[in-house]
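Text of entry-v8.cif, listed as mmCIF, C-alpha atoms:
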```cif
data_query
loop_
_atom_site.label_atom_id
_atom_site.label_comp_id
_atom_site.auth_asym_id
_atom_site.auth_seq_id
_atom_site.Cartn_x
_atom_site.Cartn_y
_atom_site.Cartn_z
CA LEU A 3 35.43 11.00 -7.62
CA SER A 4 38.16 12.00 -10.08
CA SER A 5 38.53 15.45 -8.57
CA ILE A 6 38.64 14.70 -4.84
CA LYS A 7 41.72 15.02 -2.62
CA GLU A 8 43.71 12.15 -1.15
CA ASN A 9 41.84 11.95 2.17
CA ALA A 10 38.38 12.71 0.87
CA LEU A 11 35.64 10.15 0.50
CA VAL A 12 32.57 9.95 -1.74
CA TRP A 13 29.44 8.37 -0.29
CA ASP A 14 26.75 7.13 -2.57
CA VAL A 15 23.37 7.00 -0.80
CA GLY A 16 21.06 5.91 -3.63
CA SER A 17 18.64 2.99 -3.77
CA THR A 18 20.46 0.90 -6.40
CA LYS A 19 24.07 -0.21 -6.44
CA GLU A 20 24.92 -2.75 -9.12
CA LYS A 21 25.31 -0.50 -12.18
CA LEU A 22 27.05 2.28 -10.30
CA CYS A 23 29.56 -0.05 -8.62
CA ALA A 24 30.28 -1.76 -11.94
CA MET A 25 30.79 1.59 -13.62
CA ILE A 26 33.48 2.76 -11.18
CA SER A 27 35.08 -0.62 -10.45
CA GLU A 28 38.25 0.28 -12.36
CA HIS A 29 38.40 3.90 -11.23
CA PRO A 30 41.85 4.81 -9.81
CA LYS A 31 40.16 6.25 -6.72
CA ARG A 32 37.68 3.40 -6.20
CA ASN A 33 38.99 2.98 -2.65
CA GLN A 34 37.85 6.53 -1.84
CA PHE A 35 34.26 5.61 -2.60
CA LEU A 36 31.72 3.93 -0.33
CA ALA A 37 28.41 2.56 -1.60
CA THR A 38 25.74 2.96 1.08
CA HIS A 39 21.99 2.65 1.13
CA PRO A 40 20.26 4.10 4.18
CA ILE A 41 16.76 2.60 4.53
CA ALA A 42 15.26 5.77 5.93
CA GLY A 43 13.16 8.68 4.79
CA LYS A 44 9.64 9.48 3.77
CA GLU A 45 7.72 9.89 0.52
CA ASN A 46 8.23 13.68 0.64
CA SER A 47 11.21 15.32 -1.08
CA GLY A 48 13.16 18.45 -0.31
CA PRO A 49 14.87 20.11 2.67
CA GLU A 50 11.57 21.37 4.09
CA TYR A 51 10.72 17.76 5.00
CA ALA A 52 13.91 17.15 6.99
CA ILE A 53 13.33 14.92 10.03
CA GLU A 54 15.52 15.14 13.13
CA GLY A 55 16.88 11.77 14.19
CA MET A 56 15.77 10.19 10.91
CA PHE A 57 18.56 7.61 10.89
CA ALA A 58 18.19 6.37 14.46
CA ASP A 59 17.59 2.61 14.55
CA LYS A 60 17.46 2.45 10.74
CA ILE A 61 19.33 -0.02 8.52
CA GLN A 62 22.41 1.18 6.64
CA ILE A 63 23.35 -1.18 3.81
CA ILE A 64 27.03 -1.04 2.84
CA CYS A 65 28.07 -2.69 -0.42
CA GLU A 66 31.53 -3.92 -1.42
CA SER A 67 32.99 -2.42 1.76
CA TYR A 68 36.26 -4.30 1.11
CA LYS A 69 36.90 -2.05 -1.88
CA THR A 70 37.03 1.06 0.30
CA ARG A 71 40.24 2.15 2.03
CA ASP A 72 40.27 0.85 5.62
CA ASP A 73 40.62 4.20 7.38
CA LEU A 74 37.83 5.77 5.29
CA LEU A 75 35.57 2.77 5.90
CA GLU A 76 36.17 2.87 9.66
CA TRP A 77 35.56 6.61 9.73
CA SER A 78 32.26 6.12 7.86
CA LYS A 79 31.14 3.29 10.13
CA SER A 80 31.80 5.37 13.22
CA ILE A 81 29.57 8.14 11.83
CA PHE A 82 26.74 5.74 10.92
CA ILE A 83 26.92 4.11 14.34
CA SER A 84 26.91 7.47 16.09
CA LEU A 85 23.66 8.20 14.20
CA GLY A 86 22.24 5.01 15.67
CA MET A 87 22.17 3.05 12.40
CA ARG A 88 22.35 -0.75 12.16
CA LEU A 89 24.92 -1.81 9.56
CA ARG A 90 24.35 -4.59 6.99
CA PHE A 91 27.12 -5.62 4.59
CA MET A 92 26.31 -7.19 1.24
CA GLU A 93 27.14 -7.29 -2.45
CA ALA A 94 25.66 -4.68 -4.80
CA LYS A 95 23.70 -7.39 -6.58
CA GLU A 96 21.99 -8.46 -3.36
CA ASN A 97 20.99 -4.91 -2.49
CA ASP A 98 19.35 -4.42 -5.87
CA SER A 99 17.46 -7.71 -6.02
CA SER A 100 16.25 -7.33 -2.41
CA MET A 101 15.12 -3.75 -2.95
CA ALA A 102 13.09 -4.74 -6.01
CA TYR A 103 10.92 -6.76 -3.60
CA VAL A 104 10.77 -4.72 -0.41
CA SER A 105 10.90 -1.22 -1.84
CA HIS A 106 10.58 -0.76 -5.59
CA LEU A 107 7.55 -3.01 -6.09
CA SER A 108 5.76 -1.26 -3.19
CA HIS A 109 6.22 2.05 -4.96
CA ILE A 110 4.91 0.75 -8.28
CA SER A 111 1.88 -0.93 -6.67
CA SER A 112 1.11 2.34 -4.91
CA PHE A 113 1.60 4.52 -8.01
CA MET A 114 -0.63 2.24 -10.09
CA LEU A 115 -3.29 2.07 -7.37
CA ALA A 116 -3.41 5.86 -7.36
CA LYS A 117 -3.58 5.89 -11.17
CA THR A 118 -6.44 3.35 -11.19
CA VAL A 119 -8.51 5.43 -8.79
CA LEU A 120 -7.69 8.67 -10.63
CA GLU A 121 -9.06 7.18 -13.85
CA THR A 122 -12.55 6.53 -12.51
CA LYS A 123 -15.13 9.02 -13.73
CA LYS A 124 -16.46 9.61 -10.24
CA ILE A 125 -13.08 10.49 -8.72
CA ASN A 126 -14.39 13.61 -6.98
CA ASN A 127 -17.19 11.73 -5.25
CA ILE A 128 -15.26 8.73 -4.02
CA LEU A 129 -12.06 10.15 -2.53
CA ASP A 130 -13.96 11.69 0.34
CA LEU A 131 -15.05 8.14 1.20
CA ALA A 132 -11.52 6.77 1.42
CA GLY A 133 -10.44 5.51 4.83
CA SER A 134 -7.03 5.24 6.41
CA GLY A 135 -6.41 1.91 4.66
CA PHE A 136 -6.52 3.51 1.25
CA GLU A 137 -4.29 6.36 2.37
CA SER A 138 -1.78 3.87 3.69
CA THR A 139 -1.54 1.97 0.40
CA VAL A 140 -1.29 5.09 -1.79
CA ARG A 141 1.10 6.97 0.50
CA LEU A 142 4.13 6.08 -1.65
CA ALA A 143 2.41 7.52 -4.75
CA LYS A 144 3.43 10.92 -3.38
CA SER A 145 7.05 10.00 -4.10
CA SER A 146 9.07 12.08 -6.52
CA PRO A 147 9.15 10.82 -10.14
CA ASP A 148 12.51 12.61 -10.51
CA MET A 149 13.92 10.28 -7.88
CA TRP A 150 12.05 7.11 -8.82
CA ALA A 151 12.20 6.96 -12.62
CA PRO A 152 16.03 6.60 -12.48
CA ILE A 153 15.75 3.96 -9.73
CA PHE A 154 13.43 1.83 -11.88
CA GLN A 155 15.78 2.41 -14.80
CA GLN A 156 18.84 1.29 -12.82
CA ASN A 157 17.06 -1.77 -11.43
CA ARG A 158 15.11 -2.58 -14.59
CA GLU A 159 15.67 -6.36 -14.78
CA ASN A 160 14.89 -7.06 -11.12
CA VAL A 161 11.84 -4.81 -11.16
CA ILE A 162 10.42 -6.49 -14.27
CA GLU A 163 10.88 -9.86 -12.54
CA THR A 164 9.03 -8.80 -9.37
CA LEU A 165 6.29 -7.15 -11.44
CA ASP A 166 5.81 -10.43 -13.31
CA VAL A 167 5.26 -12.32 -10.07
CA TYR A 168 2.98 -9.61 -8.67
CA ILE A 169 0.82 -9.43 -11.81
CA HIS A 170 0.64 -13.22 -11.90
CA ASN A 171 -0.65 -13.25 -8.32
CA LEU A 172 -3.25 -10.58 -9.08
CA LEU A 173 -4.47 -12.48 -12.16
CA ASN A 174 -4.70 -15.61 -10.04
CA PHE A 175 -6.73 -13.77 -7.40
CA LYS A 176 -9.04 -12.40 -10.09
CA GLN A 177 -9.52 -15.89 -11.49
CA TYR A 178 -10.67 -17.15 -8.07
CA LEU A 179 -13.29 -14.39 -8.11
CA ILE A 180 -14.38 -15.24 -11.66
CA ASP A 181 -14.62 -18.94 -10.69
CA LYS A 182 -16.40 -18.02 -7.43
CA ASP A 183 -13.75 -20.09 -5.65
CA TYR A 184 -14.02 -18.27 -2.33
CA GLN A 185 -12.38 -21.11 -0.44
CA SER A 186 -9.09 -20.62 -2.32
CA LEU A 187 -9.44 -16.86 -1.92
CA HIS A 188 -9.70 -17.30 1.83
CA GLU A 189 -6.77 -19.73 2.03
CA GLN A 190 -4.53 -17.42 0.04
CA MET A 191 -5.24 -14.46 2.33
CA LYS A 192 -4.74 -16.67 5.37
CA THR A 193 -1.27 -17.71 4.15
CA THR A 194 -0.43 -14.10 3.42
CA ASN A 195 -1.18 -13.08 6.99
CA THR A 196 2.05 -14.91 7.97
CA LEU A 197 4.14 -12.18 6.32
CA THR A 198 2.73 -9.59 8.64
CA ASN A 199 3.41 -11.87 11.60
CA ILE A 200 7.06 -12.05 10.51
CA LEU A 201 7.17 -8.25 10.15
CA ASN A 202 5.70 -7.80 13.63
CA ARG A 203 8.34 -10.13 15.07
CA ILE A 204 11.14 -8.25 13.32
CA ASN A 205 9.82 -4.94 14.63
CA LYS A 206 9.73 -6.31 18.18
CA ASN A 207 13.33 -7.46 17.93
CA LYS A 208 14.55 -4.08 16.73
CA LEU B 16 -34.98 -8.83 11.54
CA SER B 17 -37.94 -11.22 11.63
CA SER B 18 -37.72 -11.68 15.38
CA ILE B 19 -37.28 -8.11 16.63
CA LYS B 20 -39.92 -6.11 18.51
CA GLU B 21 -41.90 -3.19 17.14
CA ASN B 22 -39.56 -0.42 18.29
CA ALA B 23 -36.30 -2.25 17.71
CA LEU B 24 -33.92 -1.49 14.87
CA VAL B 25 -31.30 -3.59 13.07
CA TRP B 26 -28.15 -1.80 11.93
CA ASP B 27 -26.00 -3.34 9.28
CA VAL B 28 -22.40 -2.09 9.47
CA GLY B 29 -20.72 -4.14 6.74
CA SER B 30 -18.62 -2.96 3.78
CA THR B 31 -21.05 -3.97 1.00
CA LYS B 32 -24.71 -3.08 0.65
CA GLU B 33 -26.25 -3.98 -2.71
CA LYS B 34 -26.92 -7.71 -2.26
CA LEU B 35 -28.04 -7.38 1.34
CA CYS B 36 -30.44 -4.52 0.62
CA ALA B 37 -31.88 -6.39 -2.37
CA MET B 38 -32.33 -9.51 -0.26
CA ILE B 39 -34.44 -7.79 2.39
CA SER B 40 -36.23 -5.29 0.16
CA GLU B 41 -39.57 -7.09 0.52
CA HIS B 42 -39.17 -7.99 4.18
CA PRO B 43 -42.23 -6.95 6.25
CA LYS B 44 -39.92 -5.22 8.75
CA ARG B 45 -37.72 -3.54 6.15
CA ASN B 46 -38.44 -0.16 7.78
CA GLN B 47 -36.84 -1.41 11.01
CA PHE B 48 -33.52 -1.91 9.24
CA LEU B 49 -30.82 0.67 8.51
CA ALA B 50 -27.91 -0.02 6.14
CA THR B 51 -24.81 1.81 7.38
CA HIS B 52 -21.15 1.67 6.49
CA PRO B 53 -18.81 3.35 8.96
CA ILE B 54 -15.45 4.11 7.26
CA ALA B 55 -13.45 3.52 10.41
CA GLY B 56 -11.30 0.87 11.97
CA LYS B 57 -7.93 -0.76 11.57
CA GLU B 58 -6.54 -3.90 9.97
CA ASN B 59 -6.66 -5.72 13.34
CA SER B 60 -9.71 -7.76 14.39
CA GLY B 61 -11.20 -8.54 17.76
CA PRO B 62 -12.22 -6.70 20.93
CA GLU B 63 -8.63 -6.44 22.18
CA TYR B 64 -8.00 -3.90 19.41
CA ALA B 65 -10.86 -1.58 20.41
CA ILE B 66 -10.00 2.11 19.94
CA GLU B 67 -11.60 4.84 22.02
CA GLY B 68 -13.11 7.60 19.90
CA MET B 69 -12.70 5.52 16.73
CA PHE B 70 -15.70 7.10 15.00
CA ALA B 71 -14.86 10.75 15.67
CA ASP B 72 -14.61 12.70 12.41
CA LYS B 73 -15.13 9.54 10.35
CA ILE B 74 -17.56 9.08 7.46
CA GLN B 75 -20.78 7.15 8.06
CA ILE B 76 -22.42 6.05 4.80
CA ILE B 77 -26.18 5.50 5.07
CA CYS B 78 -27.90 3.68 2.21
CA GLU B 79 -31.58 3.75 1.27
CA SER B 80 -32.35 5.83 4.35
CA TYR B 81 -35.85 6.56 2.99
CA LYS B 82 -36.77 2.90 3.54
CA THR B 83 -36.20 3.16 7.29
CA ARG B 84 -38.97 4.36 9.62
CA ASP B 85 -38.53 8.08 10.30
CA ASP B 86 -38.26 7.88 14.09
CA LEU B 87 -35.71 5.04 13.91
CA LEU B 88 -33.68 6.89 11.28
CA GLU B 89 -33.63 10.09 13.33
CA TRP B 90 -32.66 8.18 16.45
CA SER B 91 -29.77 6.53 14.54
CA LYS B 92 -28.59 9.81 13.07
CA SER B 93 -28.50 11.44 16.51
CA ILE B 94 -26.28 8.62 17.78
CA PHE B 95 -23.90 8.83 14.80
CA ILE B 96 -23.66 12.60 15.15
CA SER B 97 -23.04 12.35 18.89
CA LEU B 98 -20.08 10.07 18.02
CA GLY B 99 -18.75 12.84 15.79
CA MET B 100 -19.42 11.07 12.49
CA ARG B 101 -20.00 12.84 9.17
CA LEU B 102 -23.06 11.41 7.41
CA ARG B 103 -23.22 10.62 3.67
CA PHE B 104 -26.42 9.37 2.06
CA MET B 105 -26.34 7.25 -1.09
CA GLU B 106 -27.76 4.23 -2.88
CA ALA B 107 -26.44 0.76 -2.08
CA LYS B 108 -25.06 0.45 -5.60
CA GLU B 109 -22.98 3.60 -5.20
CA ASN B 110 -21.49 2.40 -1.91
CA ASP B 111 -20.41 -0.88 -3.46
CA SER B 112 -18.89 0.53 -6.65
CA SER B 113 -17.06 3.29 -4.74
CA MET B 114 -15.69 0.88 -2.15
CA ALA B 115 -14.30 -1.40 -4.87
CA TYR B 116 -11.96 1.49 -5.74
CA VAL B 117 -11.11 3.15 -2.44
CA SER B 118 -11.12 0.12 -0.15
CA HIS B 119 -11.38 -3.34 -1.69
CA LEU B 120 -8.70 -2.87 -4.36
CA SER B 121 -6.31 -1.48 -1.73
CA HIS B 122 -6.73 -4.64 0.29
CA ILE B 123 -6.13 -6.93 -2.69
CA SER B 124 -3.05 -4.98 -3.81
CA SER B 125 -1.68 -5.26 -0.28
CA PHE B 126 -2.48 -8.97 0.10
CA MET B 127 -0.85 -9.76 -3.25
CA LEU B 128 2.20 -7.61 -2.48
CA ALA B 129 2.69 -9.58 0.73
CA LYS B 130 2.22 -12.86 -1.17
CA THR B 131 4.77 -11.83 -3.80
CA VAL B 132 7.41 -11.07 -1.19
CA LEU B 133 6.60 -14.23 0.77
CA GLU B 134 7.27 -16.33 -2.31
CA THR B 135 10.86 -15.19 -2.78
CA LYS B 136 13.41 -17.75 -1.70
CA LYS B 137 15.33 -15.24 0.34
CA ILE B 138 12.36 -14.07 2.38
CA ASN B 139 14.24 -14.31 5.70
CA ASN B 140 17.09 -12.14 4.49
CA ILE B 141 15.12 -9.36 2.89
CA LEU B 142 12.36 -8.53 5.36
CA ASP B 143 14.85 -7.07 7.79
CA LEU B 144 15.74 -4.60 5.02
CA ALA B 145 12.18 -3.36 4.55
CA GLY B 146 11.57 0.27 5.35
CA SER B 147 8.46 2.10 6.48
CA GLY B 148 7.24 2.41 2.88
CA PHE B 149 6.95 -1.35 2.53
CA GLU B 150 5.20 -1.65 5.88
CA SER B 151 2.73 1.01 4.84
CA THR B 152 1.77 -0.77 1.62
CA VAL B 153 1.45 -4.23 3.23
CA ARG B 154 -0.34 -3.03 6.36
CA LEU B 155 -3.73 -4.12 5.04
CA ALA B 156 -2.44 -7.65 4.42
CA LYS B 157 -2.89 -8.16 8.17
CA SER B 158 -6.65 -7.95 7.64
CA SER B 159 -8.83 -10.90 8.54
CA PRO B 160 -9.64 -13.32 5.68
CA ASP B 161 -12.83 -14.24 7.58
CA MET B 162 -13.99 -10.68 7.14
CA TRP B 163 -12.61 -10.00 3.66
CA ALA B 164 -13.40 -13.14 1.65
CA PRO B 165 -17.16 -12.48 2.06
CA ILE B 166 -16.69 -8.80 1.14
CA PHE B 167 -14.97 -9.74 -2.13
CA GLN B 168 -17.71 -12.32 -2.72
CA GLN B 169 -20.50 -9.76 -2.16
CA ASN B 170 -18.81 -7.18 -4.38
CA ARG B 171 -17.50 -9.63 -6.97
CA GLU B 172 -18.45 -7.77 -10.18
CA ASN B 173 -17.15 -4.37 -9.07
CA VAL B 174 -13.93 -5.85 -7.70
CA ILE B 175 -13.22 -7.77 -10.91
CA GLU B 176 -13.70 -4.51 -12.84
CA THR B 177 -11.25 -2.54 -10.67
CA LEU B 178 -8.76 -5.42 -10.77
CA ASP B 179 -8.92 -5.37 -14.57
CA VAL B 180 -8.01 -1.67 -14.65
CA TYR B 181 -5.28 -2.09 -12.03
CA ILE B 182 -3.66 -5.07 -13.79
CA HIS B 183 -3.86 -3.21 -17.11
CA ASN B 184 -2.01 -0.26 -15.55
CA LEU B 185 0.68 -2.54 -14.11
CA LEU B 186 1.18 -4.28 -17.46
CA ASN B 187 1.46 -0.90 -19.09
CA PHE B 188 4.08 0.22 -16.56
CA LYS B 189 6.03 -3.01 -17.11
CA GLN B 190 5.92 -2.43 -20.86
CA TYR B 191 7.52 1.02 -20.42
CA LEU B 192 10.34 -0.69 -18.53
CA ILE B 193 10.74 -3.37 -21.20
CA ASP B 194 10.79 -0.67 -23.89
CA LYS B 195 13.18 1.47 -21.80
CA ASP B 196 10.67 4.30 -22.23
CA TYR B 197 11.67 6.16 -19.07
CA GLN B 198 10.09 9.39 -20.28
CA SER B 199 6.60 7.84 -20.25
CA LEU B 200 7.34 6.21 -16.91
CA HIS B 201 8.19 9.60 -15.46
CA GLU B 202 5.13 11.32 -16.93
CA GLN B 203 2.82 8.63 -15.58
CA MET B 204 4.17 8.97 -12.05
CA LYS B 205 3.98 12.75 -12.31
CA THR B 206 0.27 12.58 -13.23
CA THR B 207 -0.33 10.17 -10.40
CA ASN B 208 1.09 12.62 -7.87
CA THR B 209 -2.09 14.68 -8.39
CA LEU B 210 -4.16 12.08 -6.55
CA THR B 211 -2.16 12.57 -3.41
CA ASN B 212 -2.53 16.33 -3.77
CA ILE B 213 -6.31 15.85 -3.86
CA LEU B 214 -6.12 13.60 -0.79
CA ASN B 215 -4.06 16.19 1.09
CA ARG B 216 -6.64 18.87 0.25
CA ILE B 217 -9.50 16.65 1.45
CA ASN B 218 -7.68 15.93 4.70
CA LYS B 219 -7.14 19.63 5.31
CA ASN B 220 -10.84 20.36 4.80
CA LYS B 221 -11.92 17.68 7.25
#
```
Would you mind giving the structure from this file in structure tokens?
Amino acid sequence: LSSIKENALVWDVGSTKEKLCAMISEHPKRNQFLATHPIAGKENSGPEYAIEGMFADKIQIICESYKTRDDLLEWSKSIFISLGMRLRFMEAKENDSSMAYVSHLSHISSFMLAKTVLETKKINNILDLAGSGFESTVRLAKSSPDMWAPIFQQNRENVIETLDVYIHNLLNFKQYLIDKDYQSLHEQMKTTNTLTNILNRINKNK
Amino acid sequence: LSSIKENALVWDVGSTKEKLCAMISEHPKRNQFLATHPIAGKENSGPEYAIEGMFADKIQIICESYKTRDDLLEWSKSIFISLGMRLRFMEAKENDSSMAYVSHLSHISSFMLAKTVLETKKINNILDLAGSGFESTVRLAKSSPDMWAPIFQQNRENVIETLDVYIHNLLNFKQYLIDKDYQSLHEQMKTTNTLTNILNRINKNK
């Protein structure tokens, strides 16, 4: 940022925003910086996995847009819109706390599911038996540790909070099993089905 | 089973086998029963979600095949093969303990992930921000509680065991975050990547 010319702009496209935005808040060229978070991409890393049209109809989160110079902001928006992105404006704090729930926790649950299965002694016999459901839940465990370790580091407090809730829910589910309380087990899954109904509705409205 | 004719056969197609097979082990018509577990299907339930060719190239687990009358077993196998299924023979106990890892735990992790996100106060604001990774990990939370509560009940001991390992791994991951031990976090994710490499290799060999 310090070395760019007067009409240049730096885009940040990472998953977390709060620490980075705080770090550069007093930078003399803060208004030549735009904090963005495109919700797009796959678990694979590297140029060989490039996808044409990847940003079409995808969300682009823009944080603290009012801190970016008007002409540079407008120029950026016109590019995002020409890619077919849907813009959402929010504070850095909101991006980070939201992502802990709808992105970072998913990755941890997937990584730890993969780890749990890897640790069984009969790993070579059971993976052949895995169906598409298992592959769907461990898909994110293919993600790059080089990319994700720093994300968890940057969003440490929020991620610990979501992990606490998640682990609490798992312990609760296990307790129902121990108590043979299958009625509560059923009710809890029934309630949870509503999330997927909401997701289906959102996808239809897109 | 008690009411079927001499040349009739009962197929079981459920996810768990141990308790059912034990229950009918002394039945006078035990040899007119075949315990099968097709690893196929989606999270949706009901005839409106029927998929043509659903069993092609999918695994069909057959348990205790030696307890089924030869002609009925051969007849069943010819049908499964004509559907394009790949047959795997094993004991009921092995089906149940394997499924706890590669199927039942995936469903619980997905249900509890959905529950965790549902419980946040800002649920309506954040779901719109979810990407395809989140949808992949919560896909199984659409599954029917009517189908899954009895599966968890039947496979209670194995599921509790896998949940214990999974929760332990999550607590461990959380501890790395608390300790700011990002090196260990990175190494753990790196190791976990190997599972997905194994899965990719299996898929290629199919």
Inset, instruction - For the structure shown, which residues end up in the PyMOL selection byres ((chain B) within 6 of (chain A))? Put them as a ChimeraX atom specification, please? - result: /B:54,113,117-118,121,130-131,141,145-146,149,151-152,157,160,164,181,201,204-205,207-208,211
Inset, instruction - Can you turn the PyMOL selection byres ((chain B and resi 31-33) around 9) into a concrete residue list for this file, as a ChimeraX atom specification? - result: /B:27-30,34-38,50-52,78,106-111,114,166-167,169-170
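Residues with any atom within 6 Å of region 68-71 of chain B, counting all atoms listed in the file and excluding same-chain neighbours fewer than 4 positions away, are Leu98, Gly99 and Met100 of chain B.
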Inset, instruction - Work out how far CA of Arg216 (chain B) is from CA of Leu102 (chain B), in Å to one decimal. - result: 19.4 Å
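Relative to CA of Arg101 (chain B), CA of Gln47 (chain B) is found at 22.1 Å.
In this structure, CA of Leu11 (chain A) sits 7.4 Å away from CA of Leu36 (chain A).
Nearest-residue note for Thr70 (chain A): choosing from A:Asn33, A:Asn160, A:Ser4, A:Asn9, the minimum distance belongs to A:Asn33, counting only C-alpha atoms.
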Around (-40.0, -1.6, 7.9), as given in the file, which residues come within 12 Å? Count only C-alpha atoms and list them as a PDB file with C-alpha atoms, in the frame of the given file.
```pdb
ATOM      1  CA  LEU B  16     -34.980  -8.830  11.540  1.00  0.00           C
ATOM      2  CA  SER B  17     -37.940 -11.220  11.630  1.00  0.00           C
ATOM      3  CA  ILE B  19     -37.280  -8.110  16.630  1.00  0.00           C
ATOM      4  CA  LYS B  20     -39.920  -6.110  18.510  1.00  0.00           C
ATOM      5  CA  GLU B  21     -41.900  -3.190  17.140  1.00  0.00           C
ATOM      6  CA  ASN B  22     -39.560  -0.420  18.290  1.00  0.00           C
ATOM      7  CA  ALA B  23     -36.300  -2.250  17.710  1.00  0.00           C
ATOM      8  CA  LEU B  24     -33.920  -1.490  14.870  1.00  0.00           C
ATOM      9  CA  VAL B  25     -31.300  -3.590  13.070  1.00  0.00           C
ATOM     10  CA  ILE B  39     -34.440  -7.790   2.390  1.00  0.00           C
ATOM     11  CA  SER B  40     -36.230  -5.290   0.160  1.00  0.00           C
ATOM     12  CA  GLU B  41     -39.570  -7.090   0.520  1.00  0.00           C
ATOM     13  CA  HIS B  42     -39.170  -7.990   4.180  1.00  0.00           C
ATOM     14  CA  PRO B  43     -42.230  -6.950   6.250  1.00  0.00           C
ATOM     15  CA  LYS B  44     -39.920  -5.220   8.750  1.00  0.00           C
ATOM     16  CA  ARG B  45     -37.720  -3.540   6.150  1.00  0.00           C
ATOM     17  CA  ASN B  46     -38.440  -0.160   7.780  1.00  0.00           C
ATOM     18  CA  GLN B  47     -36.840  -1.410  11.010  1.00  0.00           C
ATOM     19  CA  PHE B  48     -33.520  -1.910   9.240  1.00  0.00           C
ATOM     20  CA  LEU B  49     -30.820   0.670   8.510  1.00  0.00           C
ATOM     21  CA  GLU B  79     -31.580   3.750   1.270  1.00  0.00           C
ATOM     22  CA  SER B  80     -32.350   5.830   4.350  1.00  0.00           C
ATOM     23  CA  TYR B  81     -35.850   6.560   2.990  1.00  0.00           C
ATOM     24  CA  LYS B  82     -36.770   2.900   3.540  1.00  0.00           C
ATOM     25  CA  THR B  83     -36.200   3.160   7.290  1.00  0.00           C
ATOM     26  CA  ARG B  84     -38.970   4.360   9.620  1.00  0.00           C
ATOM     27  CA  ASP B  85     -38.530   8.080  10.300  1.00  0.00           C
ATOM     28  CA  ASP B  86     -38.260   7.880  14.090  1.00  0.00           C
ATOM     29  CA  LEU B  87     -35.710   5.040  13.910  1.00  0.00           C
ATOM     30  CA  LEU B  88     -33.680   6.890  11.280  1.00  0.00           C
TER      31      LEU B  88
END
```
Save region 123-146 of chain B to disk from that block, C-alpha atoms included, as a PDB file, in the first residue's frame.
```pdb
ATOM      1  CA  ILE B 123     -24.480 -36.084  13.103  1.00  0.00           C
ATOM      2  CA  SER B 124     -21.717 -33.583  12.302  1.00  0.00           C
ATOM      3  CA  SER B 125     -23.963 -32.074   9.633  1.00  0.00           C
ATOM      4  CA  PHE B 126     -27.078 -31.971  11.830  1.00  0.00           C
ATOM      5  CA  MET B 127     -25.150 -30.315  14.669  1.00  0.00           C
ATOM      6  CA  LEU B 128     -23.477 -27.824  12.315  1.00  0.00           C
ATOM      7  CA  ALA B 129     -26.921 -26.787  11.094  1.00  0.00           C
ATOM      8  CA  LYS B 130     -28.165 -26.540  14.692  1.00  0.00           C
ATOM      9  CA  THR B 131     -25.192 -24.389  15.696  1.00  0.00           C
ATOM     10  CA  VAL B 132     -25.827 -21.918  12.892  1.00  0.00           C
ATOM     11  CA  LEU B 133     -29.580 -21.908  13.543  1.00  0.00           C
ATOM     12  CA  GLU B 134     -28.964 -20.861  17.139  1.00  0.00           C
ATOM     13  CA  THR B 135     -27.122 -17.661  16.295  1.00  0.00           C
ATOM     14  CA  LYS B 136     -29.196 -14.551  16.803  1.00  0.00           C
ATOM     15  CA  LYS B 137     -28.317 -13.196  13.401  1.00  0.00           C
ATOM     16  CA  ILE B 138     -29.384 -16.291  11.484  1.00  0.00           C
ATOM     17  CA  ASN B 139     -31.359 -14.301   8.893  1.00  0.00           C
ATOM     18  CA  ASN B 140     -28.428 -12.070   8.053  1.00  0.00           C
ATOM     19  CA  ILE B 141     -25.734 -14.687   7.722  1.00  0.00           C
ATOM     20  CA  LEU B 142     -27.284 -17.479   5.674  1.00  0.00           C
ATOM     21  CA  ASP B 143     -27.316 -15.313   2.587  1.00  0.00           C
ATOM     22  CA  LEU B 144     -23.523 -15.118   2.980  1.00  0.00           C
ATOM     23  CA  ALA B 145     -23.010 -18.883   2.996  1.00  0.00           C
ATOM     24  CA  GLY B 146     -21.007 -20.291   0.135  1.00  0.00           C
TER      25      GLY B 146
END
```
